[in-house]
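To start, the structure under review is shown below, and the notes come after it.
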2 protein chains.
Amino acid sequence: METRELRYFVAVAEESHIGRAAERLGIAQPPLSRAIAQLERRLGAELFVRTPRGVTLTSAGETLLSEGRAALAAIEAAERRTRRTVANAGRASVVLTAKAGASSELMAKLLDAYAAEPDAVDVEVVLSPPGHQAPMLRDGRADVAILHRPFDDLSGFDTDPLNVEGQVLVLPAGHPLSTRSSITLAEATSIPDLPLPRWPRLDGSYPDGPGPELRDQTQVLQLVRLGRTAIVLPESAQANLHSELTVVPVSDAPQVTTVIAWPPHSTSPGVAGLVRTAARL
Amino acid sequence: METRELRYFVAVAEESHIGRAAERLGIAQPPLSRAIAQLERRLGAELFVRTPRGVTLTSAGETLLSEGRAALAAIEAAERRTRRTVANAGRASVVLTAKAGASSELMAKLLDAYAAEPDAVDVEVVLSPPGHQAPMLRDGRADVAILHRPFDDLSGFDTDPLNVEGQVLVLPAGHPLSTRSSITLAEATSIPDLPLPRWPRLDGSYPDGPGPELRDQTQVLQLVRLGRTAIVLPESAQANLHSELTVVPVSDAPQVTTVIAWPPHSTSPGVAGLVRTAARL
DNA sequence: CAGGCCTGATACCGCGGCGGTATGACACCA
DNA sequence: TGGTGTCATACCGCCGCGGTATCAGGCCTG
């Protein structure tokens, strides 16, 4: 199976429409029809059922879509990491990605400690929106990441835990609940006058709901100060809190584990060094 | 990057010789030279240094070799699993692989318990030589595997532990050491009159050493009975022991964890069911 | 119920690129 | 210094990809 065929297949699966997929791929419809038919013949599997409205995936197609996406990510990763290897000709470097605004204290400690190592290489830090770190690691845009369980999908990576912490509810300073010594998750998520904020999905769209649409922690904390919302965050987020805010521990919220993650077959000495340093923190 | 180019590159990297690689690929040498040169141009990276004796990998080439192997395995997996999905048209099935002769009791329990599930699918059990399970999982020949830490490389898989056990030294019944109540790993691996057996590598070749060359546990136990070797095995292997053999616990041998492992992006309901059943054992 | 409109499939064509053979350039060695 | 082995280059034929034109068929609508 060639990469091109796989890309074609994924495009058609995502569009559920051969014509639109062809447009997106920058080719005409007939060659795409033919390529899909040929792929089906070679695999000995019906991948789509053709309908007058477009096409829909068969169960074999579902399998190929999930497996194929992983394979395409692996190929992109191979390409990107090879290009990067030669770009920093001779002396290596490594790309670390983390959620913007999270674990900054921990990361500072890690980067300082690593930079002090005798064989340290350059570390390029890429801060990106929540949920984008794992895909970047999968397709080679990053070599190592700081992730948070249970929020991020760690599957397929090697990981080492760096820190475990509980979660707290952040409230406007004067709120009635702010005198409580602790609170349950059920209570925290159903405060009558404070709807929880909504966060963007990976594609940038927002789920439905009553709360405000928000993109980062700074925005949230500002709205909490204004008494418009409340938010459950890991304890370490307290470091960023300004005045006019109080926190109440959430007794039954899941523990948040900060981990350092890397692709399992990584051979980069920079990644190995970072992980070794992290293990000593 | 096309699959074909990647396959060509891996062949050349493995042979360190364009002519031999071409022969292995079933094409002539000049097109292969050209394909590699074109790949290097497109990636903007020197992958090989040409010598009069053949070619050797650059650091960019090393990167592409390890990343590319993983990518090729992912593509093979996509192909194989898609073919298998359609082969069992409609009612799904799942391929489970395990080391021949290991954990048989545990597996029997697992398979029985799973078969009793209301939504159980067919499970095809593939027993293969030690070390072959993880590659089979990576390239789609299997959907789920029983592996043993620390012997197998679990990286890149999701896993659940099934069992933890210590290790014992298996000796001929009358051996002087057989009266000991425990023994250290250092002692066990340097018994003067009993050299440890050698196991085949993944490619079938054997490491150098004094011990006998062996392929499976039955052969080993026979040779132990004959007083020609000794072997350190997980406790559960005692179930297979015949008479004329005794065991001595090895006090400082690493614990052996039996795990069930599956590819992280698996969507197979059969795999999910097996894992769920395994978690309840 | 007929005609337009949407879908994907088929027919046919031109050309880029892959693989083939023949040969060159060059390092090493006897 | 010629022989031998390596990879690179030159040139050619053909397969297959992508293009346009058109067909086949389900669905909606007047």
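Scheme for the structure tokens: letters A, B, ... for chains in order shown; per-chain residue numbers from 1; ligand numbers from 1 in order shown.
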
Selection near segment 1-16 of chain C, 10 Å with only C-alpha atoms (C1' of nucleotides), sequence-local residues under 6 positions removed, as a PyMOL selection string
(chain A and resi 17-19+29-30+33-34+37+50-55) or (chain D and resi 16-30)

List every residue of chain B that has an atom at most 8 Å from any atom of chain C, and for each one report the closest atom pair and its distance in Å to one decimal, counting only C-alpha atoms (C1' of nucleotides), with rows sorted by chain and then by increasing residue number, as CSV.
residue,atom,partner,partner_atom,distance
B:Ile27,CA,C:DG19,C1',7.3
B:Ala28,CA,C:DG19,C1',7.5
B:Pro31,CA,C:DG19,C1',6.2
B:Pro52,CA,C:DA27,C1',5.7

Do me a favour and pick out the residues of chain A within 8 Å of chain B, using only C-alpha atoms, as an MDAnalysis selection string.
chainID A and resid 1:4 43:46 59:61 63:64 66:68 70:72 74:75 77:79 81:83 85:86 155:158 263:267

In Å, rounded to a single decimal, give me how far atom CA of Gln217 of chain B is from atom CA of Arg180 of chain B.
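Separating atom CA of Arg180 of chain B from atom CA of Gln217 of chain B is a distance of 23.5 Å.
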
Could you pull the residues within 9 Å of Leu223 of chain A, counting only C-alpha atoms (C1' of nucleotides), minus those fewer than 6 positions along the same chain, as a list of chain:residue names?
A:Pro212, A:Thr229, A:Ala230

Residue with smallest distance to chain D - pool A:Leu96, A:Gly26, A:Gly131, A:Val10, counting only C-alpha atoms (C1' of nucleotides):
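With only C-alpha atoms (C1' of nucleotides) as the atom set, the closest residue is A:Gly26.
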
Between atom CA of Val220 of chain A and atom CA of Ser104 of chain A, distance in Å (one decimal)
17.5 Å

I need the residues of segment 17-261 of chain B that end up classed as strand (DSSP E) by DSSP on the backbone, written out as a ChimeraX atom specification.
/B:48-51,54-57,93-99,122-128,144-149,158-165,167-172,231-234,245-249,256-261
